$ cat coords.txt   # compact mmCIF, C-alpha atoms and all ligand atoms
# COMPACT_ATOMS: atom_id res chain seq x y z
CA MET A 22 -4.51 -22.29 7.86
CA ILE A 23 -3.79 -18.57 7.79
CA THR A 24 -1.35 -17.10 10.30
CA LEU A 25 0.45 -13.82 10.85
CA ARG A 26 3.96 -13.54 12.20
CA ARG A 27 6.34 -10.62 12.58
CA ALA A 28 8.65 -10.33 9.59
CA THR A 29 12.37 -10.96 10.08
CA ALA A 30 15.42 -10.16 7.96
CA ASP A 31 14.89 -13.52 6.17
CA ASP A 32 11.60 -12.20 4.78
CA VAL A 33 12.98 -9.02 3.26
CA ASP A 34 13.35 -10.36 -0.32
CA PHE A 35 9.77 -11.65 -0.22
CA LEU A 36 8.41 -8.35 1.18
CA VAL A 37 10.31 -6.11 -1.23
CA GLY A 38 9.32 -8.35 -4.17
CA LEU A 39 5.68 -8.28 -3.12
CA VAL A 40 5.34 -4.52 -2.61
CA ASN A 41 7.07 -3.87 -5.95
CA ASP A 42 4.81 -6.28 -7.86
CA ASP A 43 3.07 -4.52 -10.79
CA ASP A 44 -0.41 -5.36 -9.52
CA THR A 45 0.41 -4.26 -5.96
CA ARG A 46 2.71 -1.20 -5.88
CA ARG A 47 0.28 1.31 -7.43
CA PHE A 48 -2.33 0.51 -4.76
CA LEU A 49 0.00 1.09 -1.81
CA GLY A 50 0.78 4.50 -0.31
CA GLY A 51 3.88 6.56 -0.93
CA ARG A 52 5.59 5.55 2.31
CA VAL A 53 5.93 1.82 1.71
CA SER A 54 9.53 0.61 2.02
CA ASP A 55 10.35 -0.76 -1.40
CA THR A 56 14.10 -1.35 -1.11
CA ARG A 57 16.01 -3.90 0.98
CA GLU A 58 17.70 -1.13 2.97
CA ALA A 59 14.44 0.62 3.83
CA ALA A 60 12.74 -2.67 4.70
CA LEU A 61 15.60 -3.72 7.00
CA ALA A 62 15.49 -0.32 8.72
CA ASP A 63 11.75 -0.80 9.32
CA LEU A 64 12.31 -4.18 10.93
CA ALA A 65 14.66 -2.56 13.45
CA ARG A 66 11.96 -0.16 14.68
CA PRO A 67 10.49 -0.57 18.21
CA PRO A 68 7.84 -3.30 18.04
CA GLU A 69 5.26 -1.27 19.99
CA GLU A 70 5.43 1.53 17.38
CA PHE A 71 5.54 -0.45 14.17
CA GLY A 72 5.01 -4.01 13.01
CA TRP A 73 5.33 -5.61 9.58
CA PHE A 74 3.77 -9.08 9.42
CA VAL A 75 4.02 -11.92 6.94
CA ILE A 76 0.72 -13.63 6.10
CA GLU A 77 1.29 -17.38 5.80
CA VAL A 78 -0.98 -20.01 4.31
CA ASP A 79 -0.07 -23.48 5.58
CA GLY A 80 3.40 -22.16 6.40
CA GLU A 81 3.96 -20.61 2.95
CA ARG A 82 4.46 -16.82 2.58
CA ALA A 83 1.32 -15.42 0.93
CA GLY A 84 1.22 -11.70 1.75
CA CYS A 85 1.94 -8.97 4.24
CA VAL A 86 0.33 -6.27 6.37
CA ALA A 87 1.75 -3.58 8.66
CA PHE A 88 0.67 -1.25 11.43
CA GLU A 89 2.04 2.01 12.72
CA ARG A 90 1.08 3.48 16.08
CA LEU A 91 -0.52 6.84 15.30
CA ASN A 92 -1.55 7.94 18.76
CA GLU A 93 -0.22 6.37 21.95
CA ARG A 94 -2.63 7.98 24.43
CA ASN A 95 -5.72 6.98 22.46
CA ARG A 96 -4.27 3.65 21.30
CA ILE A 97 -4.83 4.26 17.59
CA ALA A 98 -3.01 2.22 14.95
CA SER A 99 -3.03 2.79 11.22
CA ALA A 100 -2.95 -0.24 8.96
CA GLY A 101 -1.06 -0.34 5.70
CA ARG A 102 1.05 -2.36 3.27
CA PHE A 103 -1.72 -4.90 3.01
CA ALA A 104 -1.12 -7.18 0.06
CA VAL A 105 -1.89 -10.76 -0.86
CA HIS A 106 0.56 -12.23 -3.35
CA PRO A 107 -1.14 -12.43 -6.79
CA SER A 108 -0.90 -16.24 -6.81
CA PHE A 109 -2.97 -16.39 -3.57
CA ARG A 110 -5.72 -13.89 -4.47
CA LYS A 111 -9.43 -14.51 -5.04
CA ARG A 112 -9.70 -17.26 -2.43
CA GLY A 113 -10.82 -15.25 0.57
CA ILE A 114 -7.31 -15.25 2.05
CA GLY A 115 -7.41 -11.43 2.27
CA VAL A 116 -10.51 -11.48 4.45
CA GLU A 117 -9.15 -14.16 6.77
CA ALA A 118 -5.82 -12.34 7.06
CA ALA A 119 -7.61 -9.05 7.81
CA ARG A 120 -9.62 -10.76 10.56
CA ALA A 121 -6.43 -12.22 12.08
CA PHE A 122 -4.82 -8.76 11.91
CA GLN A 123 -7.83 -7.16 13.65
CA ARG A 124 -7.68 -9.77 16.45
CA LEU A 125 -3.93 -9.23 16.82
CA LEU A 126 -4.12 -5.44 17.08
CA LEU A 127 -7.37 -4.95 18.99
CA GLY A 128 -7.04 -8.10 21.08
CA GLU A 129 -3.42 -9.00 21.76
CA LEU A 130 -1.64 -5.68 21.21
CA GLY A 131 -4.27 -3.63 23.04
CA PHE A 132 -5.13 -1.01 20.43
CA HIS A 133 -8.51 0.70 20.70
CA ARG A 134 -8.92 1.63 17.04
CA ILE A 135 -7.50 0.57 13.68
CA GLU A 136 -7.79 3.02 10.83
CA LEU A 137 -7.01 2.62 7.18
CA GLN A 138 -7.18 4.61 3.99
CA ILE A 139 -7.77 3.14 0.56
CA TYR A 140 -7.34 5.03 -2.70
CA GLY A 141 -10.75 5.81 -4.21
CA PHE A 142 -9.82 4.04 -7.45
CA ASN A 143 -8.98 0.77 -5.63
CA GLU A 144 -12.45 -0.75 -5.88
CA ARG A 145 -11.16 -4.25 -5.19
CA ALA A 146 -9.65 -3.21 -1.84
CA ILE A 147 -12.74 -1.17 -0.88
CA ALA A 148 -14.95 -4.23 -1.48
CA HIS A 149 -12.45 -6.30 0.48
CA ALA A 150 -12.46 -3.88 3.48
CA GLU A 151 -16.27 -4.01 3.61
CA ARG A 152 -16.19 -7.83 3.51
CA ALA A 153 -13.60 -7.82 6.30
CA GLY A 154 -15.91 -5.83 8.60
CA TYR A 155 -14.23 -2.41 8.52
CA VAL A 156 -16.64 0.50 8.90
CA ARG A 157 -16.56 3.20 6.23
CA GLU A 158 -16.13 6.67 7.77
CA GLY A 159 -15.89 8.98 4.81
CA VAL A 160 -13.78 10.26 1.98
CA LYS A 161 -10.67 12.39 2.17
CA ARG A 162 -11.26 14.31 -1.05
CA ARG A 163 -8.46 14.54 -3.63
CA ALA A 164 -5.93 14.22 -0.84
CA TYR A 165 -3.03 12.41 -2.51
CA LEU A 166 -1.03 13.01 -5.65
CA LYS A 167 -0.83 9.74 -7.54
CA ASP A 168 0.85 9.62 -10.95
CA GLY A 169 0.25 13.34 -11.45
CA GLU A 170 -3.43 13.31 -10.39
CA TRP A 171 -5.10 14.19 -7.08
CA VAL A 172 -7.02 11.15 -5.86
CA ASP A 173 -9.52 10.48 -3.06
CA ALA A 174 -8.85 8.21 -0.08
CA VAL A 175 -11.72 6.29 1.51
CA LEU A 176 -11.39 6.05 5.30
CA PHE A 177 -12.29 2.89 7.23
CA SER A 178 -11.92 1.94 10.88
CA LEU A 179 -12.62 -0.81 13.38
CA LEU A 180 -12.93 -0.39 17.17
CA ASP A 181 -12.02 -2.92 19.86
CA ASP A 182 -15.68 -3.45 20.89
CA GLU A 183 -16.60 -4.21 17.26
CA LEU A 184 -14.36 -7.27 17.02
CA PRO A 185 -16.53 -10.29 16.19
CA GLU A 186 -16.56 -13.07 18.82
C1 LIG B 201 -6.87 -6.17 -1.72
C2 LIG B 201 -6.33 -7.59 -1.61
C3 LIG B 201 -5.41 -7.68 -0.40
C4 LIG B 201 -7.49 -8.56 -1.48
O1 LIG B 201 -6.99 -9.89 -1.39
P1 LIG B 201 -7.92 -11.18 -1.69
O2 LIG B 201 -7.35 -12.33 -0.94
O3 LIG B 201 -8.10 -11.34 -3.16
O4 LIG B 201 -9.27 -10.65 -1.04
P2 LIG B 201 -10.53 -11.31 -0.41
O5 LIG B 201 -10.22 -12.24 0.68
O6 LIG B 201 -11.41 -10.14 -0.06
O7 LIG B 201 -11.15 -12.17 -1.61
C5 LIG B 201 -11.52 -11.54 -2.78
C6 LIG B 201 -12.22 -12.44 -3.79
O8 LIG B 201 -12.10 -13.85 -3.53
C7 LIG B 201 -13.39 -14.45 -3.68
N1 LIG B 201 -13.47 -15.70 -2.91
C8 LIG B 201 -13.22 -16.90 -3.45
N2 LIG B 201 -13.34 -17.86 -2.51
C9 LIG B 201 -13.64 -17.24 -1.35
C10 LIG B 201 -13.89 -17.71 -0.02
N3 LIG B 201 -13.82 -19.01 0.31
N4 LIG B 201 -14.16 -16.80 0.94
C11 LIG B 201 -14.22 -15.47 0.63
N5 LIG B 201 -13.98 -14.98 -0.62
C12 LIG B 201 -13.72 -15.86 -1.60
C13 LIG B 201 -14.32 -13.36 -3.25
O9 LIG B 201 -15.63 -13.55 -3.73
C14 LIG B 201 -13.70 -12.17 -3.86
O10 LIG B 201 -14.00 -12.11 -5.25
P3 LIG B 201 -14.38 -10.74 -5.98
O11 LIG B 201 -13.18 -9.80 -5.77
O12 LIG B 201 -14.58 -11.14 -7.39
O13 LIG B 201 -15.61 -10.22 -5.28
C15 LIG B 201 -5.52 -8.00 -2.88
O14 LIG B 201 -6.33 -7.83 -4.00
C16 LIG B 201 -4.23 -7.20 -3.06
O15 LIG B 201 -3.19 -7.57 -2.54
N6 LIG B 201 -4.30 -6.12 -3.86
C17 LIG B 201 -3.14 -5.25 -4.16
C18 LIG B 201 -2.72 -4.41 -3.00
C19 LIG B 201 -3.85 -3.60 -2.42
O16 LIG B 201 -4.70 -3.07 -3.11
N7 LIG B 201 -3.83 -3.50 -1.08
C20 LIG B 201 -4.77 -2.71 -0.35
C21 LIG B 201 -4.22 -1.34 -0.18
S1 LIG B 201 -5.26 -0.31 0.80

$ encode --input "coords.txt" --output "structure tokens"
Amino acid sequence: MITLRRATADDVDFLVGLVNDDDTRRFLGGRVSDTREAALADLARPPEEFGWFVIEVDGERAGCVAFERLNERNRIASAGRFAVHPSFRKRGIGVEAARAFQRLLLGELGFHRIELQIYGFNERAIAHAERAGYVREGVKRRAYLKDGEWVDAVLFSLLDDELPE
């Protein structure tokens, strides 16, 4: 059983450990909070503007995902910090968690559009996003400096009327 719940201060060690994991950190953007202080500051942000969620599998912490409100008038959220703990990968947990996240944002929280960007070199996450139903919109060419090199970001989105039944 895969569930999402808002992270609390008790989750900070798990979240900081996960985003700093060797097989996770290099795939996440530059603005991920990777210290306890930064993570705690995030959790104090207004819940309608920002949310950091723990993915649980049968009650055990297995990953995380976050949203940030990009545009209030048009109800656009950007998704980020999506990571499944290495010991839970390759079981389809990512896809189920992404579906739960889509239902939460486009259903419960009332957003109209979720958008996300994936580094062009992150083939695993691009395949995952396609499996999870996100629609590919294009490529932001050589947009981000990553370890001294300009890299592409692939843009995906999902709209509220595209949520599966
Ligand atoms: C991207 C990421 C979240 C995907 O997590 P995941 O749980 O492994 O992803 P998925 O649910 O898509 O499953 C992937 C694999 O499990 C396999 N799988 C096994 N059993 C499955 C099942 N019952 N249902 C679906 N897939 C299953 C899939 O075939 C797939 O294998 P493949 O990669 O060899 O094609 C994870 O790799 C991760 O945390 N990466 C590091 C951080 C990162 O890149 N984040 C994204 C930043 S934009």

$ residues_near_ligand --input "coords.txt" --ligand "ligand LIG 201 (chain B)" --cutoff "9 Å" --atoms "all atoms listed in the file" --output "PyMOL selection string"
chain A and resi 39-40+42+44-50+84-86+100-107+109-119+137-140+143-153

$ residues_around --input "coords.txt" --residues "A:Gly51" --least-positions-apart "5" --cutoff "10 Å" --atoms "only C-alpha atoms" --output "short mmCIF file (atom, residue, chain, number, x, y, z; two decimals) with C-alpha atoms, keeping the file's coordinate frame"
data_model
loop_
_atom_site.label_atom_id
_atom_site.label_comp_id
_atom_site.auth_asym_id
_atom_site.auth_seq_id
_atom_site.Cartn_x
_atom_site.Cartn_y
_atom_site.Cartn_z
CA ARG A 46 2.71 -1.20 -5.88
CA TYR A 165 -3.03 12.41 -2.51
CA LEU A 166 -1.03 13.01 -5.65
CA LYS A 167 -0.83 9.74 -7.54
#

$ atom_distance --input "coords.txt" --atom1 "atom CA of A:Arg82" --atom2 "atom CA of A:Arg66"
21.9 Å

$ atom_distance --input "coords.txt" --atom1 "atom CA of A:Ser178" --atom2 "atom CA of A:Gly128"
15.1 Å

$ closest_residue --input "coords.txt" --among "A:Arg124, A:Arg134, A:Arg163, A:Arg52" --to "A:Leu184" --atoms "only C-alpha atoms"
A:Arg124

$ closest_residue --input "coords.txt" --among "A:Ala121, A:Ala60, A:Val175, A:Leu130" --to "A:Gly159" --atoms "all atoms listed in the file"
A:Val175

$ closest_residue --input "coords.txt" --among "A:Ser99, A:Asn92, A:Ser54, A:Ser108" --to "A:Val37" --atoms "all atoms listed in the file"
A:Ser54

$ closest_residue --input "coords.txt" --among "A:Leu127, A:Leu91, A:Val78, A:Val160" --to "A:Pro185" --atoms "all atoms listed in the file"
A:Leu127

$ atom_distance --input "coords.txt" --atom1 "atom CA of A:Ala98" --atom2 "atom CA of A:Arg157"
16.1 Å

$ residues_near_point --input "coords.txt" --point "(0.7, -20.3, 4.7)" --cutoff "9 Å" --atoms "only C-alpha atoms" --output "MDAnalysis selection string"
chainID A and resid 22:25 76:83

$ write_last_selection --input "coords.txt" --atoms "C-alpha atoms" --output "JSON list (two decimals), keeping the file's coordinate frame"
[["chain", "number", "residue", "atom", "x", "y", "z"],
["A", 22, "MET", "CA", -4.51, -22.29, 7.86],
["A", 23, "ILE", "CA", -3.79, -18.57, 7.79],
["A", 24, "THR", "CA", -1.35, -17.10, 10.30],
["A", 25, "LEU", "CA", 0.45, -13.82, 10.85],
["A", 76, "ILE", "CA", 0.72, -13.63, 6.10],
["A", 77, "GLU", "CA", 1.29, -17.38, 5.80],
["A", 78, "VAL", "CA", -0.98, -20.01, 4.31],
["A", 79, "ASP", "CA", -0.07, -23.48, 5.58],
["A", 80, "GLY", "CA", 3.40, -22.16, 6.40],
["A", 81, "GLU", "CA", 3.96, -20.61, 2.95],
["A", 82, "ARG", "CA", 4.46, -16.82, 2.58],
["A", 83, "ALA", "CA", 1.32, -15.42, 0.93]]

$ closest_residue --input "coords.txt" --among "A:Val172, A:Val156, A:Leu126, A:Leu180" --to "A:Gly72" --atoms "all atoms listed in the file"
A:Leu126

$ closest_residue --input "coords.txt" --among "A:Arg27, A:His133, A:Asp182, A:Ala164" --to "A:Ala65" --atoms "all atoms listed in the file"
A:Arg27
